[in-house]
Every structure is written in C-alpha cells, then in structure tokens.
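Below is entry06.cif, which holds mmCIF, C-alpha atoms and all ligand atoms.
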data_query
#
loop_
_atom_site.label_atom_id
_atom_site.label_comp_id
_atom_site.auth_asym_id
_atom_site.auth_seq_id
_atom_site.Cartn_x
_atom_site.Cartn_y
_atom_site.Cartn_z
CA MET A 1 54.17 77.67 123.87
CA GLN A 2 55.92 74.36 124.62
CA VAL A 3 59.34 74.77 126.25
CA ALA A 4 62.11 72.86 124.44
CA GLN A 5 63.18 70.12 126.81
CA SER A 6 66.77 69.21 127.65
CA ALA A 7 68.08 65.67 127.27
CA ALA A 8 67.71 63.59 130.43
CA LEU A 9 70.78 62.97 132.56
CA SER A 10 71.33 60.07 134.95
CA LEU A 11 73.06 61.41 138.02
CA ARG A 12 73.89 60.69 141.62
CA ALA A 13 72.07 63.22 143.74
CA THR A 14 72.55 63.79 147.46
CA LEU A 15 69.68 64.01 149.93
CA VAL A 16 70.33 67.28 151.77
CA ASN A 17 67.05 67.93 153.57
CA ARG A 18 63.75 66.29 154.46
CA ARG A 19 60.62 68.02 155.71
CA VAL A 20 57.50 66.32 157.05
CA VAL A 21 54.46 67.93 155.40
CA GLY A 22 51.63 65.64 156.48
CA PRO A 23 50.86 62.31 158.12
CA ASP A 24 52.29 60.41 155.13
CA ALA A 25 54.11 63.02 153.02
CA PHE A 26 57.57 64.58 152.85
CA VAL A 27 59.46 67.17 150.87
CA LEU A 28 62.88 65.77 149.97
CA GLU A 29 65.56 68.21 148.87
CA LEU A 30 68.28 66.84 146.61
CA GLU A 31 71.49 68.38 145.42
CA VAL A 32 71.66 67.58 141.72
CA PRO A 33 74.72 68.72 139.77
CA ASP A 34 74.71 69.76 136.11
CA MET A 35 71.11 70.75 135.44
CA PRO A 36 70.16 73.34 132.81
CA PRO A 37 69.02 76.71 134.19
CA ARG A 38 65.37 76.28 133.27
CA LEU A 39 63.19 73.17 133.22
CA ALA A 40 59.57 73.21 132.06
CA PRO A 41 57.08 73.01 134.93
CA GLY A 42 55.53 69.53 135.10
CA VAL A 43 58.59 67.48 134.07
CA PHE A 44 59.59 64.60 136.31
CA ALA A 45 62.50 62.52 137.60
CA MET A 46 62.97 58.79 138.19
CA LEU A 47 64.40 58.31 141.69
CA SER A 48 65.77 55.32 143.58
CA PRO A 49 68.23 54.85 146.45
CA ALA A 50 71.80 54.43 145.14
CA ALA A 51 72.59 51.83 147.78
CA GLY A 52 70.92 49.80 150.48
CA GLY A 53 67.49 49.67 148.81
CA SER A 54 65.64 46.56 147.69
CA GLN A 55 66.98 46.92 144.10
CA GLN A 56 63.52 47.66 142.77
CA ILE A 57 62.88 49.89 139.81
CA ALA A 58 63.07 53.65 140.15
CA ARG A 59 59.87 55.59 140.78
CA PRO A 60 58.63 58.73 138.99
CA PHE A 61 58.11 62.06 140.83
CA SER A 62 57.32 65.54 139.56
CA ILE A 63 59.94 68.19 140.16
CA TYR A 64 58.32 70.29 142.88
CA ASP A 65 60.61 73.24 143.44
CA ARG A 66 64.12 74.49 142.78
CA PRO A 67 65.36 76.50 145.77
CA THR A 68 68.79 77.01 144.16
CA ALA A 69 70.27 76.20 140.74
CA GLN A 70 71.55 72.82 141.96
CA ARG A 71 68.87 71.92 144.49
CA PHE A 72 65.54 70.35 143.64
CA THR A 73 62.68 69.34 145.89
CA PHE A 74 60.16 66.53 145.50
CA LEU A 75 56.82 66.29 147.31
CA ILE A 76 56.41 62.59 148.04
CA GLN A 77 53.50 60.67 149.51
CA GLN A 78 54.59 57.43 151.08
CA LEU A 79 52.53 54.62 149.57
CA GLY A 80 54.53 51.40 149.24
CA LEU A 81 58.09 50.10 149.33
CA GLY A 82 59.61 52.42 146.72
CA THR A 83 58.43 55.64 148.36
CA ARG A 84 59.17 54.31 151.85
CA GLU A 85 62.78 53.54 150.94
CA LEU A 86 63.23 57.07 149.59
CA VAL A 87 61.67 58.97 152.48
CA GLU A 88 63.53 56.87 155.06
CA LEU A 89 66.99 57.57 153.62
CA ALA A 90 69.46 59.29 155.94
CA LEU A 91 70.54 62.83 155.10
CA GLY A 92 73.69 62.65 152.96
CA ALA A 93 72.53 59.44 151.22
CA GLU A 94 72.92 59.19 147.46
CA ILE A 95 69.89 58.87 145.20
CA LEU A 96 69.99 57.78 141.58
CA CYS A 97 68.18 60.47 139.65
CA THR A 98 67.29 60.59 135.96
CA MET A 99 65.84 63.91 134.83
CA PRO A 100 64.36 65.94 133.28
CA LEU A 101 61.80 63.51 131.81
CA GLY A 102 58.48 64.08 130.07
CA ASN A 103 56.95 67.04 128.32
CA GLY A 104 55.71 69.35 131.11
CA PHE A 105 53.01 71.97 130.75
CA GLU A 106 52.77 74.41 127.90
CA VAL A 107 53.16 77.94 129.17
CA ALA A 108 49.93 79.90 128.69
CA THR A 109 50.00 83.51 127.56
CA ALA A 110 49.85 86.00 130.43
CA SER A 111 46.39 87.23 129.39
CA GLU A 112 44.89 83.72 129.41
CA ASP A 113 42.93 82.54 132.47
CA VAL A 114 44.35 79.33 133.93
CA VAL A 115 42.47 77.11 136.39
CA ILE A 116 44.48 74.40 138.16
CA LEU A 117 42.87 71.43 139.89
CA ALA A 118 45.05 69.37 142.19
CA GLY A 119 44.47 66.64 144.74
CA GLY A 120 47.00 65.62 147.41
CA VAL A 121 50.52 65.37 145.98
CA GLY A 122 48.97 66.27 142.61
CA SER A 123 49.97 69.82 143.54
CA ALA A 124 53.63 68.92 142.90
CA PRO A 125 53.85 69.88 139.20
CA PHE A 126 52.23 73.26 139.84
CA LEU A 127 54.41 75.19 142.29
CA GLN A 128 56.90 76.22 139.63
CA TYR A 129 54.10 76.69 137.10
CA VAL A 130 52.35 79.20 139.39
CA ARG A 131 55.64 80.97 140.15
CA GLU A 132 56.29 81.40 136.42
CA ARG A 133 52.78 82.76 135.87
CA ILE A 134 53.27 85.29 138.66
CA ALA A 135 56.67 86.31 137.26
CA ALA A 136 54.95 86.89 133.90
CA GLY A 137 52.42 89.20 135.57
CA ALA A 138 49.60 86.65 135.38
CA GLY A 139 49.02 85.95 139.09
CA ALA A 140 45.57 87.57 139.08
CA ASN A 141 44.27 85.26 136.34
CA THR A 142 45.84 82.10 137.77
CA HIS A 143 43.44 80.09 139.92
CA MET A 144 43.94 76.83 141.78
CA ILE A 145 41.63 74.51 143.67
CA LEU A 146 43.69 72.24 145.91
CA GLY A 147 41.78 69.34 147.43
CA ALA A 148 42.43 66.66 150.00
CA ARG A 149 40.56 64.26 152.22
CA SER A 150 41.19 66.46 155.27
CA ARG A 151 43.13 69.60 156.24
CA GLU A 152 46.26 67.73 157.35
CA ARG A 153 46.52 66.22 153.85
CA LEU A 154 46.70 69.64 152.17
CA TYR A 155 50.41 68.85 151.90
CA ASP A 156 52.70 71.89 152.13
CA VAL A 157 49.81 74.22 151.32
CA ALA A 158 51.82 77.07 152.89
CA SER A 159 54.17 77.11 149.88
CA PHE A 160 51.17 77.96 147.68
CA GLU A 161 49.64 80.35 150.22
CA ASN A 162 52.86 82.39 150.11
CA LEU A 163 52.29 83.13 146.43
CA SER A 164 50.18 85.95 145.10
CA PHE A 165 47.42 84.23 143.12
CA ASP A 166 43.88 82.86 143.61
CA LEU A 167 44.22 79.73 145.78
CA ARG A 168 41.11 77.90 146.96
CA VAL A 169 41.11 74.76 149.08
CA ALA A 170 38.56 71.97 149.38
CA THR A 171 38.41 69.09 151.81
CA ASP A 172 36.18 66.02 151.64
CA ASP A 173 35.41 66.26 155.38
CA GLY A 174 34.99 70.05 155.40
CA SER A 175 37.85 70.54 157.89
CA ARG A 176 39.18 73.39 155.74
CA GLY A 177 37.83 75.44 152.83
CA PHE A 178 35.04 74.19 150.56
CA HIS A 179 33.28 71.14 152.05
CA GLY A 180 33.44 68.56 149.27
CA HIS A 181 35.46 67.28 146.36
CA VAL A 182 37.58 69.44 144.03
CA ILE A 183 35.14 68.84 141.16
CA ALA A 184 32.20 70.00 143.30
CA ALA A 185 34.21 73.10 144.26
CA LEU A 186 34.95 73.73 140.58
CA ALA A 187 31.27 73.33 139.61
CA ALA A 188 30.22 75.74 142.38
CA ALA A 189 32.82 78.36 141.34
CA LEU A 190 31.81 78.13 137.67
CA ASP A 191 28.10 78.39 138.57
CA ALA A 192 28.83 81.46 140.70
CA GLY A 193 30.73 83.08 137.82
CA GLU A 194 33.95 83.18 139.89
CA LEU A 195 35.90 81.16 137.30
CA ASN A 196 35.90 81.50 133.53
CA SER A 197 34.73 78.39 131.65
CA ALA A 198 36.86 79.52 128.66
CA ALA A 199 40.03 79.24 130.78
CA ARG A 200 42.81 76.69 130.27
CA PHE A 201 42.14 73.92 132.84
CA LEU A 202 45.08 71.83 134.16
CA ALA A 203 44.66 68.86 136.50
CA CYS A 204 46.83 66.42 138.42
CA GLY A 205 46.00 64.07 141.25
CA PRO A 206 44.60 60.67 142.12
CA SER A 207 42.88 58.77 139.31
CA GLY A 208 39.42 59.42 140.86
CA LEU A 209 39.98 63.16 140.57
CA LEU A 210 41.35 62.89 137.01
CA HIS A 211 38.53 60.65 135.78
CA GLY A 212 35.92 62.84 137.48
CA PHE A 213 37.45 65.95 135.96
CA ALA A 214 37.74 64.35 132.49
CA SER A 215 33.98 63.58 132.50
CA PHE A 216 33.15 67.05 133.82
CA ALA A 217 35.41 68.75 131.26
CA ARG A 218 33.91 66.78 128.34
CA GLU A 219 30.37 67.51 129.52
CA HIS A 220 31.09 71.24 129.92
CA LYS A 221 33.36 71.48 126.85
CA LEU A 222 36.32 72.84 128.84
CA ARG A 223 39.82 73.11 127.36
CA ALA A 224 41.60 70.63 129.56
CA TRP A 225 45.04 69.09 130.09
CA LEU A 226 45.77 66.23 132.49
CA SER A 227 49.08 65.25 134.04
CA LEU A 228 48.80 61.47 134.43
CA GLU A 229 50.39 59.47 137.26
CA THR A 230 50.52 56.19 135.36
CA TYR A 231 52.66 53.31 136.65
CA MET A 232 56.09 53.46 135.03
CA GLY A 233 58.92 51.01 134.51
CA CYS A 234 61.77 52.90 132.87
CA GLY A 235 60.53 56.51 132.52
CA PHE A 236 62.19 57.06 129.14
CA GLY A 237 60.29 55.11 126.51
CA VAL A 238 61.80 51.63 126.34
CA CYS A 239 59.66 49.29 128.49
CA ASN A 240 56.16 50.13 127.16
CA GLY A 241 54.99 50.03 130.76
CA CYS A 242 53.00 53.27 130.72
CA PRO A 243 50.47 53.10 127.85
CA VAL A 244 47.50 55.41 127.56
CA ALA A 245 44.90 54.89 124.82
CA THR A 246 44.73 57.73 122.32
CA GLN A 247 41.74 59.23 120.50
CA ALA A 248 41.75 57.97 116.92
CA ASP A 249 41.04 61.45 115.53
CA GLY A 250 43.08 63.31 118.18
CA PRO A 251 46.32 65.30 117.94
CA LEU A 252 48.54 62.26 118.70
CA GLY A 253 47.60 60.64 115.39
CA ALA A 254 46.44 57.13 114.48
CA TRP A 255 48.65 54.97 116.75
CA PRO A 256 46.26 53.55 119.42
CA TYR A 257 48.54 54.08 122.42
CA ALA A 258 50.90 56.78 123.66
CA ARG A 259 53.61 56.35 126.29
CA THR A 260 52.96 58.52 129.32
CA CYS A 261 56.67 58.91 130.04
CA ILE A 262 57.71 60.44 126.72
CA ASP A 263 54.47 61.63 125.09
CA GLY A 264 53.25 62.90 128.48
CA PRO A 265 52.79 62.97 131.39
CA VAL A 266 50.76 66.02 130.30
CA PHE A 267 48.10 65.27 127.67
CA SER A 268 45.36 67.43 126.28
CA LEU A 269 42.06 65.73 127.02
CA ASP A 270 41.17 65.53 123.33
CA ALA A 271 44.31 63.43 122.72
CA ILE A 272 43.53 60.50 125.03
CA GLN A 273 40.78 58.10 126.00
CA PHE A 274 40.53 58.67 129.71
C1 LIG A 301 54.88 61.48 135.99
C2 LIG A 301 54.58 61.08 137.41
C3 LIG A 301 54.77 62.01 138.41
C4 LIG A 301 54.52 61.65 139.75
N1 LIG A 301 54.75 62.58 140.70
C5 LIG A 301 54.57 62.26 141.99
C6 LIG A 301 54.87 63.22 143.00
O1 LIG A 301 55.30 64.35 142.73
N2 LIG A 301 54.69 62.84 144.29
C7 LIG A 301 54.25 61.58 144.62
O2 LIG A 301 54.12 61.28 145.83
N3 LIG A 301 53.92 60.67 143.68
C8 LIG A 301 54.10 60.97 142.38
N4 LIG A 301 53.82 60.04 141.41
C9 LIG A 301 53.32 58.72 141.83
C10 LIG A 301 54.48 57.88 142.37
O3 LIG A 301 55.37 57.58 141.31
C11 LIG A 301 53.94 56.59 142.99
O4 LIG A 301 53.19 56.89 144.12
C12 LIG A 301 55.10 55.67 143.36
O5 LIG A 301 55.67 55.14 142.19
C13 LIG A 301 54.60 54.55 144.26
O6 LIG A 301 55.69 53.70 144.49
P1 LIG A 301 55.74 52.72 145.74
O7 LIG A 301 56.78 51.72 145.49
O8 LIG A 301 55.81 53.48 147.02
O9 LIG A 301 54.31 52.07 145.74
P2 LIG A 301 53.94 50.62 145.20
O10 LIG A 301 54.46 49.59 146.15
O11 LIG A 301 54.29 50.51 143.76
O12 LIG A 301 52.40 50.73 145.39
C14 LIG A 301 51.80 50.93 146.68
C15 LIG A 301 50.32 51.21 146.52
O13 LIG A 301 50.15 52.44 145.81
C16 LIG A 301 49.45 52.22 144.60
N5 LIG A 301 50.12 53.04 143.57
C17 LIG A 301 51.43 53.00 143.21
N6 LIG A 301 51.69 53.88 142.22
C18 LIG A 301 50.53 54.49 141.96
C19 LIG A 301 50.14 55.49 141.03
N7 LIG A 301 50.98 56.04 140.17
N8 LIG A 301 48.84 55.87 141.03
C20 LIG A 301 47.95 55.30 141.87
N9 LIG A 301 48.26 54.37 142.79
C21 LIG A 301 49.51 53.96 142.82
C22 LIG A 301 49.57 50.74 144.31
O14 LIG A 301 48.47 50.25 143.59
C23 LIG A 301 49.59 50.14 145.70
O15 LIG A 301 48.29 50.02 146.23
C24 LIG A 301 54.05 60.35 140.08
C25 LIG A 301 53.84 59.43 139.06
C26 LIG A 301 54.10 59.79 137.73
C27 LIG A 301 53.89 58.80 136.65
S1 LIG A 302 57.83 53.88 131.55
FE1 LIG A 302 58.94 52.64 130.17
S2 LIG A 302 58.08 53.20 128.24
FE2 LIG A 302 57.15 54.56 129.65
#

Give the structure from this file in structure tokens form.
Ligand SMILES: Cc1cc2nc3c(=O)[nH]c(=O)nc-3n(C[C@H](O)[C@H](O)[C@H](O)COP(=O)(O)OP(=O)(O)OC[C@H]3O[C@@H](n4cnc5c(N)ncnc54)[C@H](O)[C@@H]3O)c2cc1C
Ligand code: FES
Amino acid sequence: MQVAQSAALSLRATLVNRRVVGPDAFVLELEVPDMPPRLAPGVFAMLSPAAGGSQQIARPFSIYDRPTAQRFTFLIQQLGLGTRELVELALGAEILCTMPLGNGFEVATASEDVVILAGGVGSAPFLQYVRERIAAGAGANTHMILGARSRERLYDVASFENLSFDLRVATDDGSRGFHGHVIAALAAALDAGELNSAARFLACGPSGLLHGFASFAREHKLRAWLSLETYMGCGFGVCNGCPVATQADGPLGAWPYARTCIDGPVFSLDAIQF
C-alpha cells in the first residue's frame, strides 16, 4: 500500500541538536513546525543554511527519525561543501527546509518478509520503516543487512540495535559482523536458507552497492526496490536535474526518463534501467 503523501512545505527549521555518529557523520535534529502527523518512510527534505552559507543549492536528505511531532532528525555524511555547511552550523541556526518530498516506500503487509540492504548513510530511510513494521507486529519477518567499510562507519547502528528485529552487520574489513560486502552477506544468508528469496527486498546506499544489488536481484529474480541518491537541483520536479532511465515495458510507461525527486526516490527495479 502506498501512503498518500502530503504537499511539500518550505519552512524555516531550527537546528536544536547535533550528534557525532562516526568519523564523518552526524545526526542533526531540527525543529520543524507544521508537519502532518504521519509521513511515509523514505521521503526526503531539501536542506540548506538560511543564512551565512555559500548560497549554493539545497541538498536532499532522507528523513531519519521523528523524536517528537515537530522534531525531525537527519543522518548526514559530510562529503563536500553543502554537507559541511550544514553540519558546521551552530545550534539555534535556521535551516531552509522543504519537505516532505518524494514517494517513500510502500508499506508491506505484516505477513510479508522484508529484507533491507543498506550501506553507510543508506540506513537513513529505514529507521522509521523498521519502527512501523515492528508496530504492525512484523518485527520477526523484517531483516536488515547494514554494511560499511569498517565498524566506525556503521553510523548510529545503536538506533537499529535498540529495535526488535533481525539486524545483521557487514564490514568490508571484517572489523564487525560479516567480513565482506553487503551483497556477499546477502548471498551467504540466502544460500544458508536464513533469508527468504521470495521476500520484498529494499536497498539504499552508495551507487556501488545499488548497482551490485541490482545485478544480483535481476540474476536471482528477486522482487526489489531501490531508493536512489541521484544528484538533485530543485527536489520538486522543475529542473530536470535528476533523470533516471526507465524500462520501456516497465510500470512507469513509455517516457524514457523519470525524475528521481518526484517519481522516486524509491523505484521498483523493473521500472528503471540501473
Ligand atoms: C533522495 C536522497 C536522499 C538522500 N539522503 C541522504 C541522507 O539521508 N544522508 C546523507 O548523508 N546523504 C543523503 N543523500 C546524498 C546527499 O544529498 C549528498 O551527499 C549531498 O547532496 C552532497 O552534497 P555536498 O555539497 O556535501 O557534496 P558535493 O560538493 O556536491 O560533492 C562532494 C563529493 O561527493 C560526491 N557526491 C555528492 N552527492 C553525491 C551523491 N548523491 N551520490 C554519490 N556521490 C555524491 C561528489 O561527486 C563529490 O565527489 C541523499 C540524496 C538523495 C537524492
Ligand atoms: S531535482 Fe529538479 S527535477 Fe528532480
């Protein structure tokens, strides 16, 4: 079932808290007035400093958590100027925030097995998703493999460990959990019969993980959905800066490109060329 999405609002949010969750990652907590009570897991916001920044375009970030009705958190990896300007803001600073944007994940039925694959900050769209599954009584058939280069880049893993579901971790250097990539961990778990190949598979993370998973899913005929982290200009459908090629015979129809910001960021694998 797809959750009906509310119209996006452009607001001034206030930075009320910042937590360091890794060598290059932070959880920013914003106070955002006037948001509807429920947002679909996997929707995103465009964020930029309201003042003092370099006037560059806003950047997209998944909504990570909602500790109270008016407070939202974002799990942000510092990469370049846009993310640096956000994570370096002083507490109390104003942030321009347009949200909710995008489609988010369809909610699976409680009896359906769900397998989540996430790398690094690719875990961000899934915290609320997992919470909703648990609230629906589906914690036991919700599985997640969270991967990172090394244990210190399993950003804010404690927030997932506190939830009652099947969490597995994988690190490229073997410093924690499965020694190897998320896709290798997935292959091993499927081979061992620990995960159900008929499950709904959801993935988000760096493009290497998404491309690797897309090939694996096609080869093994998995039902798969990807949340893409495409570059974005506007975030709401006007700049054409976020195209993804569609499958000619797929569910998005004959138009050769979709816009990740409004048709996605979540796409079923059979809808896109990826
Ligand atoms: C729908 C959506 C949700 C997202 N959610 C999150 C999130 O929850 N947390 C988070 O940390 N990031 C998230 N991202 C990615 C985030 O928007 C980018 O990392 C950010 O825009 C980088 O901005 P910057 O100015 O710091 O980097 P830039 O100066 O633009 O780039 C710095 C370096 O990072 C690379 N880079 C920039 N953007 C991306 C990207 N999207 N994919 C791969 N490489 C990139 C550039 O090639 C360059 O090498 C999301 C992206 C999308 C589209
Ligand atoms: S980011 Fe502008 S159309 Fe998608």

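Nearest residue to ligand LIG 301 (chain A), choosing from A:Ala25, A:Ile262, A:Ala50, A:Leu81 and counting all atoms listed in the file: A:Leu81.
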
message: Could you list, as number ranges by chain, all protein and nucleic acid residues with an atom at most 10 Å from ligand LIG 302 (chain A), counting all atoms listed in the file?
response: A: 46, 59-60, 102, 230-244, 258-265

field: Expected answer as number ranges by chain: residues within 9 Å of ligand LIG 301 (chain A), all atoms listed in the file
entry: A: 25-26, 42-46, 56-64, 74-86, 101-102, 120-125, 205-207, 227-232, 235, 242, 260-261, 264-266

- request: Between atom CA of Arg12 of chain A and atom CA of Pro33 of chain A, measure the distance and give it in Å to one decimal.
  value: 8.3 Å

How big is the axis-aligned box, and where does its centre sit, when it encloses all atoms of segment 19-31 of chain A listed in the file and has 3 Å added on every side, reported in Å to one decimal as AutoDock Vina command-line options?
--center_x 61.2 --center_y 64.4 --center_z 151.8 --size_x 26.6 --size_y 14.0 --size_z 18.7

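Restricting the calculation to only C-alpha atoms, the smallest distance between Arg133 of chain A and any of A:Arg153, A:Pro41, A:Ile145, A:Glu219 is found for A:Pro41.
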
All residues 8 Å or closer to segment 248-250 of chain A, all atoms listed in the file, same chain fewer than 5 positions away omitted, as a list in words: Trp255, Pro256, Asp270, Ala271 and Ile272 of chain A

- line: What separates atom CA of Leu222 of chain A and atom CA of Leu269 of chain A is a distance of 9.3 Å
